[in-house]
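Participant: My structure is below; once you've seen it, I'll send some questions.
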Protein chains: 2
Amino acid sequence: METTLKGTEVTVRIGPELPTVIIGEKINPTGRKWLTKKLTEGNLEILRGEATQQLEDGAAVLDVNVGAASVNEADLLPRAVKIIQDTVGVPLCIDTADKVALEAALKVYQGKPLINSVNGEEKNLEVVLPLVAEYGAAVIGLTMDDDGIPKQAEKRLEIAEKIVQRAESLGIPREDVLIDCLALTVSAEPDAALITLETIELVRKELGVNQALGHSNVSFGLPDREVINRVALGMVIRAGVNAPIVNAAEAKQSILAADLLLGRDQYAMNYIKYYRAHKQ
Amino acid sequence: METTLKGTEVTVRIGPELPTVIIGEKINPTGRKWLTKKLTEGNLEILRGEATQQLEDGAAVLDVNVGAASVNEADLLPRAVKIIQDTVGVPLCIDTADKVALEAALKVYQGKPLINSVNGEEKNLEVVLPLVAEYGAAVIGLTMDDDGIPKQAEKRLEIAEKIVQRAESLGIPREDVLIDCLALTVSAEPDAALITLETIELVRKELGVNQALGHSNVSFGLPDREVINRVALGMVIRAGVNAPIVNAAEAKQSILAADLLLGRDQYAMNYIKYYRAHKQ
């Protein structure tokens, strides 16, 4: 099952036998005060550099989130999408919880974007999926619903099934739904990562869809987070994640190592090329 | 299923729900010229420091291999076992292909050792397993036989089954056989790591036995080997390896991260303790 995303110049394919696709997470004001300040001032030129840097770091798709308490997303998000598409040709992942902002961004987007996200809440499904269908986008489905995030892998799978079925009933093909099994913080809940892994394996086995994962939270609050993130990347990519949402600069080499280990990088050509360009 | 190993003072338990047990690989002259020189001269005092250092680095069991072209293993191996057991109380893993050396080492060993290794070759099974039974040891079974190392996971599983069954027929309980699914070099053979992973998963599912893995070869010949080894450790520990044979100094933190992610380290206590002792 293959997902295709399109930017102004680049088409990206996501699939189980293909190299892992990095969705760059950095265009997001959460925890980045200077970016919040620029966005609040309406200064979007800064996003050009943020976009090109992530491509250099190895991202193939860029998440675009301009949500902050002090900004008008419905105004800012389409402008951000325009300026980023004016700068880079890769597909974007439009990341917002604001329906008006989402539709405004979809209207100006050129190509086939990924939408981040829909979830299993009735109201959310009703709002987001018709937009996905109307604009011919792909969408990330989060395994949570009106009751929150289930602690059992089987219940998260049920939500994933519900999202996929609801999408199909609106004419959105299954390959345009990426499931995100939700990585939670392991320091707060000892079984958090294990439940996520089990869900990823179940979703791969039962639904066969491609999978995104907002991955970096798993190590929140712990020292040497990059060690935990690296080991976890190996586990989740083996389990079935093929489009992790990460900081490309930190995660790229580990992801290339994972692809190498899983037979998706013949004779280590991509791994060695990255090493020569970035590490020597 | 739980494997128990005993040294002079310490008992080590290996099992699927327990924290991963590191078998320290460093008492081995392969690729270490100065150690070969010391062993050739019969200077075994050096092993005391090698043993204690690995315990500080986080090993729980120590592999002991003194095989080199220029040494008489049958003489040297039992002396090495004695001097190491005189220094540290943990269980040892007696690593030799020489039957006479193996029996001489078993004679002097105090406790219940691990033997590295038996494989599926008829002649090898006939030589090694009776010694395992006679001395009440545990043993590592390699998934290779007279035809070499199979490229198919199912065939490696067949060899593992043969070793386990032959052991049981001699009264060696299944929990005293650790299977090693053999990590080969991924730069030479693109599917090498994937076949190993699939075998590990099959062996866990079909036989349920504990698993060792001589892990470090996977990255041979590639740059930044520690990145590949770290990502691979996440994958193989998730798949079912619970006693990797590694350089503890390099692998310990990643292994603690893997245990944390798999719910074997409540509230990250072991991970944080290691960080405080080694990294701050």
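All residue names refer to the structure tokens as shown: chains lettered A, B, ... in order, residues numbered from 1 in each chain, ligands numbered from 1 in order.
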Can you list, as a ChimeraX atom specification, every residue of segment 171-261 of chain A that DSSP puts in strand (DSSP E or B)?
Facilitator: /A:177-180,211-214,243-246
Participant: Counting only C-alpha atoms, which residues in chain A sit no more than 8 Å from chain B? For each one, give the nearest pair of atoms and the distance in Å, sorted by chain then residue number, as a Markdown table.
Facilitator:
| residue | atom | partner | partner_atom | distance |
| --- | --- | --- | --- | --- |
| A:Val186 | CA | B:Leu261 | CA | 6.7 |
| A:Ser187 | CA | B:Tyr267 | CA | 5.4 |
| A:Ala188 | CA | B:Tyr267 | CA | 7.0 |
| A:Glu189 | CA | B:Tyr267 | CA | 7.3 |
| A:Pro190 | CA | B:Gly263 | CA | 5.2 |
| A:Asp191 | CA | B:Gly263 | CA | 4.9 |
| A:Ala192 | CA | B:Leu261 | CA | 7.7 |
| A:Ala193 | CA | B:Leu261 | CA | 5.3 |
| A:Leu194 | CA | B:Leu262 | CA | 5.1 |
| A:Leu222 | CA | B:Ile272 | CA | 7.7 |
| A:Pro223 | CA | B:Tyr275 | CA | 7.3 |
| A:Val227 | CA | B:Ser254 | CA | 6.3 |
| A:Ile228 | CA | B:Ala257 | CA | 5.2 |
| A:Arg230 | CA | B:Val231 | CA | 6.0 |
| A:Val231 | CA | B:Gly234 | CA | 4.7 |
| A:Ala232 | CA | B:Gly234 | CA | 6.4 |
| A:Leu233 | CA | B:Val231 | CA | 7.0 |
| A:Gly234 | CA | B:Val231 | CA | 4.7 |
| A:Met235 | CA | B:Met235 | CA | 4.9 |
| A:Arg238 | CA | B:Met235 | CA | 6.6 |
| A:Gln253 | CA | B:Val227 | CA | 7.5 |
| A:Ser254 | CA | B:Val227 | CA | 6.3 |
| A:Ala257 | CA | B:Ile228 | CA | 5.2 |
| A:Ala258 | CA | B:Val231 | CA | 6.3 |
| A:Leu260 | CA | B:Pro190 | CA | 7.4 |
| A:Leu261 | CA | B:Ala193 | CA | 5.3 |
| A:Leu262 | CA | B:Leu194 | CA | 5.1 |
| A:Gly263 | CA | B:Asp191 | CA | 4.9 |
| A:Arg264 | CA | B:Pro190 | CA | 7.9 |
| A:Asp265 | CA | B:Pro190 | CA | 7.3 |
| A:Gln266 | CA | B:Pro190 | CA | 5.6 |
| A:Tyr267 | CA | B:Ser187 | CA | 5.3 |
| A:Ala268 | CA | B:Ser187 | CA | 6.1 |
| A:Ile272 | CA | B:Pro223 | CA | 7.3 |
| A:Tyr275 | CA | B:Pro223 | CA | 7.4 |
Participant: Extract, using only C-alpha atoms, all DNA, RNA and protein residues at most 9 Å from segment 60-68 of chain A, discarding same-chain residues fewer than 3 positions from it, and format them as a ChimeraX atom specification.
Facilitator: /A:5,7,12,21-30,36,39-40,51,54-55,71-73,76-77,80-81,84,90-98,114,116,245
Participant: Would you return as a PyMOL selection string the members of segment 44-233 of chain A that DSSP assigns to alpha helix (DSSP H) on this structure's backbone?
Facilitator: chain A and resi 46-57+73-87+99-108+122-135+153-169+192-206+225-233
Participant: Considering only C-alpha atoms, can you say which of A:Leu157, A:Ala249, A:Ala277, A:Leu184 comes closest to Gly208 of chain A?
Facilitator: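 Checking each candidate against Gly208 of chain A, we get A:Leu157 as the closest.
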Participant: Could you tell me how far atom CA of Gly120 of chain B lies from atom CA of Ile159 of chain B, in Å and to one decimal?
Facilitator: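 For atom CA of Gly120 of chain B relative to atom CA of Ile159 of chain B, the distance reads 5.7 Å.
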Participant: Which residues come within 7 Å of segment 141-146 of chain B, counting only C-alpha atoms, excluding same-chain residues fewer than 3 positions away, as a short mmCIF file (atom, residue, chain, number, x, y, z; two decimals) with all heavy atoms, in the first residue's frame?
Facilitator:
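New file out-v3.cif:
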data_model
loop_
_atom_site.label_atom_id
_atom_site.label_comp_id
_atom_site.auth_asym_id
_atom_site.auth_seq_id
_atom_site.Cartn_x
_atom_site.Cartn_y
_atom_site.Cartn_z
N SER B 117 30.06 -22.38 22.20
CA SER B 117 28.69 -22.64 21.83
C SER B 117 28.56 -24.05 21.28
O SER B 117 29.55 -24.73 21.06
CB SER B 117 28.26 -21.66 20.74
OG SER B 117 29.18 -21.78 19.65
N VAL B 118 27.32 -24.44 20.99
CA VAL B 118 27.07 -25.63 20.19
C VAL B 118 26.42 -25.15 18.90
O VAL B 118 25.88 -24.05 18.86
CB VAL B 118 26.16 -26.62 20.96
CG1 VAL B 118 24.74 -26.09 21.08
CG2 VAL B 118 26.16 -28.00 20.30
N ASN B 119 26.48 -25.96 17.84
CA ASN B 119 25.71 -25.61 16.64
C ASN B 119 25.03 -26.87 16.10
O ASN B 119 25.09 -27.92 16.74
CB ASN B 119 26.60 -24.93 15.59
CG ASN B 119 27.69 -25.83 15.09
OD1 ASN B 119 27.44 -26.94 14.63
ND2 ASN B 119 28.95 -25.36 15.17
N GLY B 120 24.38 -26.75 14.96
CA GLY B 120 23.56 -27.86 14.46
C GLY B 120 24.31 -28.95 13.72
O GLY B 120 23.71 -29.93 13.27
N GLU B 121 25.64 -28.81 13.60
CA GLU B 121 26.42 -29.88 12.97
C GLU B 121 26.35 -31.14 13.82
O GLU B 121 26.56 -31.08 15.04
CB GLU B 121 27.90 -29.48 12.84
CG GLU B 121 28.18 -28.43 11.80
CD GLU B 121 29.65 -27.99 11.84
OE1 GLU B 121 30.51 -28.78 12.29
OE2 GLU B 121 29.93 -26.84 11.46
N ILE B 149 25.39 -21.32 7.20
CA ILE B 149 24.35 -20.48 7.81
C ILE B 149 23.24 -20.28 6.78
O ILE B 149 23.46 -19.63 5.75
CB ILE B 149 24.92 -19.11 8.22
CG1 ILE B 149 26.09 -19.30 9.20
CG2 ILE B 149 23.84 -18.23 8.83
CD1 ILE B 149 26.81 -18.00 9.54
N PRO B 150 22.05 -20.80 7.05
CA PRO B 150 20.97 -20.66 6.05
C PRO B 150 20.58 -19.20 5.84
O PRO B 150 20.66 -18.38 6.76
CB PRO B 150 19.79 -21.42 6.69
CG PRO B 150 20.38 -22.26 7.76
CD PRO B 150 21.61 -21.55 8.23
N ARG B 156 16.83 -21.49 9.68
CA ARG B 156 17.58 -21.27 10.93
C ARG B 156 16.74 -21.74 12.12
O ARG B 156 17.25 -22.32 13.08
CB ARG B 156 17.94 -19.79 11.09
CG ARG B 156 19.02 -19.35 10.12
CD ARG B 156 19.66 -18.03 10.54
NE ARG B 156 20.25 -17.39 9.37
CZ ARG B 156 20.74 -16.16 9.34
NH1 ARG B 156 20.73 -15.42 10.44
NH2 ARG B 156 21.26 -15.66 8.24
N ILE B 159 17.10 -25.42 12.63
CA ILE B 159 18.34 -25.79 13.33
C ILE B 159 18.19 -25.53 14.83
O ILE B 159 18.60 -26.35 15.67
CB ILE B 159 19.54 -25.02 12.75
CG1 ILE B 159 19.74 -25.37 11.28
CG2 ILE B 159 20.81 -25.31 13.56
CD1 ILE B 159 20.81 -24.54 10.58
N ALA B 160 17.58 -24.40 15.17
CA ALA B 160 17.35 -24.09 16.59
C ALA B 160 16.50 -25.19 17.24
O ALA B 160 16.79 -25.64 18.35
CB ALA B 160 16.68 -22.72 16.73
N ILE B 163 18.58 -28.30 17.84
CA ILE B 163 19.48 -28.17 18.99
C ILE B 163 18.70 -28.32 20.30
O ILE B 163 19.11 -29.05 21.21
CB ILE B 163 20.22 -26.81 18.95
CG1 ILE B 163 21.16 -26.75 17.74
CG2 ILE B 163 21.00 -26.57 20.25
CD1 ILE B 163 21.78 -25.37 17.49
N VAL B 177 19.03 -23.76 27.19
CA VAL B 177 19.55 -23.52 25.83
C VAL B 177 19.17 -22.10 25.40
O VAL B 177 18.00 -21.75 25.33
CB VAL B 177 18.97 -24.53 24.82
CG1 VAL B 177 19.55 -24.27 23.42
CG2 VAL B 177 19.24 -25.96 25.27
N LEU B 178 20.20 -21.28 25.17
CA LEU B 178 19.97 -19.96 24.58
C LEU B 178 20.29 -20.06 23.09
O LEU B 178 21.35 -20.57 22.73
CB LEU B 178 20.90 -18.91 25.21
CG LEU B 178 20.42 -18.24 26.50
CD1 LEU B 178 20.46 -19.23 27.65
CD2 LEU B 178 21.27 -17.03 26.83
N ILE B 179 19.39 -19.60 22.26
CA ILE B 179 19.65 -19.63 20.82
C ILE B 179 20.29 -18.31 20.39
O ILE B 179 19.93 -17.24 20.86
CB ILE B 179 18.35 -19.91 20.04
CG1 ILE B 179 17.85 -21.33 20.35
CG2 ILE B 179 18.55 -19.71 18.53
CD1 ILE B 179 18.80 -22.46 19.92
N ASP B 180 21.28 -18.40 19.48
CA ASP B 180 21.91 -17.22 18.87
C ASP B 180 21.59 -17.28 17.37
O ASP B 180 22.07 -18.16 16.66
CB ASP B 180 23.42 -17.24 19.12
CG ASP B 180 24.14 -16.02 18.54
OD1 ASP B 180 23.68 -15.48 17.51
OD2 ASP B 180 25.18 -15.62 19.10
N CYS B 181 20.77 -16.34 16.91
CA CYS B 181 20.28 -16.38 15.52
C CYS B 181 21.28 -15.82 14.51
O CYS B 181 21.00 -15.77 13.31
CB CYS B 181 18.95 -15.66 15.40
SG CYS B 181 17.63 -16.50 16.31
N LEU B 182 22.44 -15.40 14.96
CA LEU B 182 23.58 -15.02 14.13
C LEU B 182 23.41 -13.69 13.37
O LEU B 182 22.69 -13.61 12.37
CB LEU B 182 23.93 -16.12 13.12
CG LEU B 182 24.31 -17.47 13.76
CD1 LEU B 182 24.46 -18.52 12.68
CD2 LEU B 182 25.57 -17.35 14.59
#
Participant: Counting only C-alpha atoms, figure out which residue out of B:Gly240, B:Pro78, B:Gly171, B:Pro19 gets nearest to Val203 of chain B.
Facilitator: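 Nearest to Val203 of chain B: B:Gly240.
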Participant: Rounded to one decimal place, report the atom CA of Thr199 of chain A-atom CA of Lys151 of chain A distance in Å.
Facilitator: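 Taking atom CA of Thr199 of chain A as the start and atom CA of Lys151 of chain A as the end point, the length is 10.1 Å.
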Participant: Report, in Å to a single decimal, how far apart atom CA of Lys205 of chain B and atom CA of Met1 of chain A are.
Facilitator: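 Atom CA of Met1 of chain A sits 26.7 Å away from atom CA of Lys205 of chain B.
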Participant: Can you list, as a PDB file with N, CA, C and O atoms, in the first residue's frame, every protein, DNA or RNA residue that comes within 8 Å of Gly89 of chain A when you count only C-alpha atoms, leaving out same-chain residues fewer than 2 positions away?
Facilitator:
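Everything below was put into out-v5.pdb:
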ATOM      1  N   GLY A   7       4.273  18.049  -3.703  1.00  0.00           N
ATOM      2  CA  GLY A   7       4.538  19.472  -3.510  1.00  0.00           C
ATOM      3  C   GLY A   7       4.504  20.148  -4.869  1.00  0.00           C
ATOM      4  O   GLY A   7       3.938  19.602  -5.821  1.00  0.00           O
ATOM      5  N   THR A   8       5.119  21.302  -4.976  1.00  0.00           N
ATOM      6  CA  THR A   8       5.111  21.984  -6.269  1.00  0.00           C
ATOM      7  C   THR A   8       6.040  21.307  -7.265  1.00  0.00           C
ATOM      8  O   THR A   8       5.828  21.356  -8.466  1.00  0.00           O
ATOM      9  N   GLU A   9       7.080  20.656  -6.751  1.00  0.00           N
ATOM     10  CA  GLU A   9       8.058  20.032  -7.658  1.00  0.00           C
ATOM     11  C   GLU A   9       8.350  18.575  -7.353  1.00  0.00           C
ATOM     12  O   GLU A   9       8.838  17.848  -8.218  1.00  0.00           O
ATOM     13  N   VAL A  10       8.100  18.158  -6.115  1.00  0.00           N
ATOM     14  CA  VAL A  10       8.545  16.835  -5.680  1.00  0.00           C
ATOM     15  C   VAL A  10       7.351  15.968  -5.290  1.00  0.00           C
ATOM     16  O   VAL A  10       6.434  16.426  -4.603  1.00  0.00           O
ATOM     17  N   GLN A  85       5.866  27.021   0.159  1.00  0.00           N
ATOM     18  CA  GLN A  85       5.805  26.425  -1.196  1.00  0.00           C
ATOM     19  C   GLN A  85       6.521  27.294  -2.231  1.00  0.00           C
ATOM     20  O   GLN A  85       6.963  26.786  -3.265  1.00  0.00           O
ATOM     21  N   ASP A  86       6.642  28.561  -1.933  1.00  0.00           N
ATOM     22  CA  ASP A  86       7.411  29.446  -2.808  1.00  0.00           C
ATOM     23  C   ASP A  86       8.917  29.184  -2.667  1.00  0.00           C
ATOM     24  O   ASP A  86       9.710  29.540  -3.531  1.00  0.00           O
ATOM     25  N   THR A  87       9.293  28.557  -1.540  1.00  0.00           N
ATOM     26  CA  THR A  87      10.715  28.333  -1.222  1.00  0.00           C
ATOM     27  C   THR A  87      11.183  26.922  -1.560  1.00  0.00           C
ATOM     28  O   THR A  87      12.279  26.733  -2.076  1.00  0.00           O
ATOM     29  N   PRO A  91       6.410  18.152  -0.562  1.00  0.00           N
ATOM     30  CA  PRO A  91       5.062  18.186   0.004  1.00  0.00           C
ATOM     31  C   PRO A  91       5.071  18.708   1.444  1.00  0.00           C
ATOM     32  O   PRO A  91       6.057  18.542   2.167  1.00  0.00           O
TER      33      PRO A  91
END
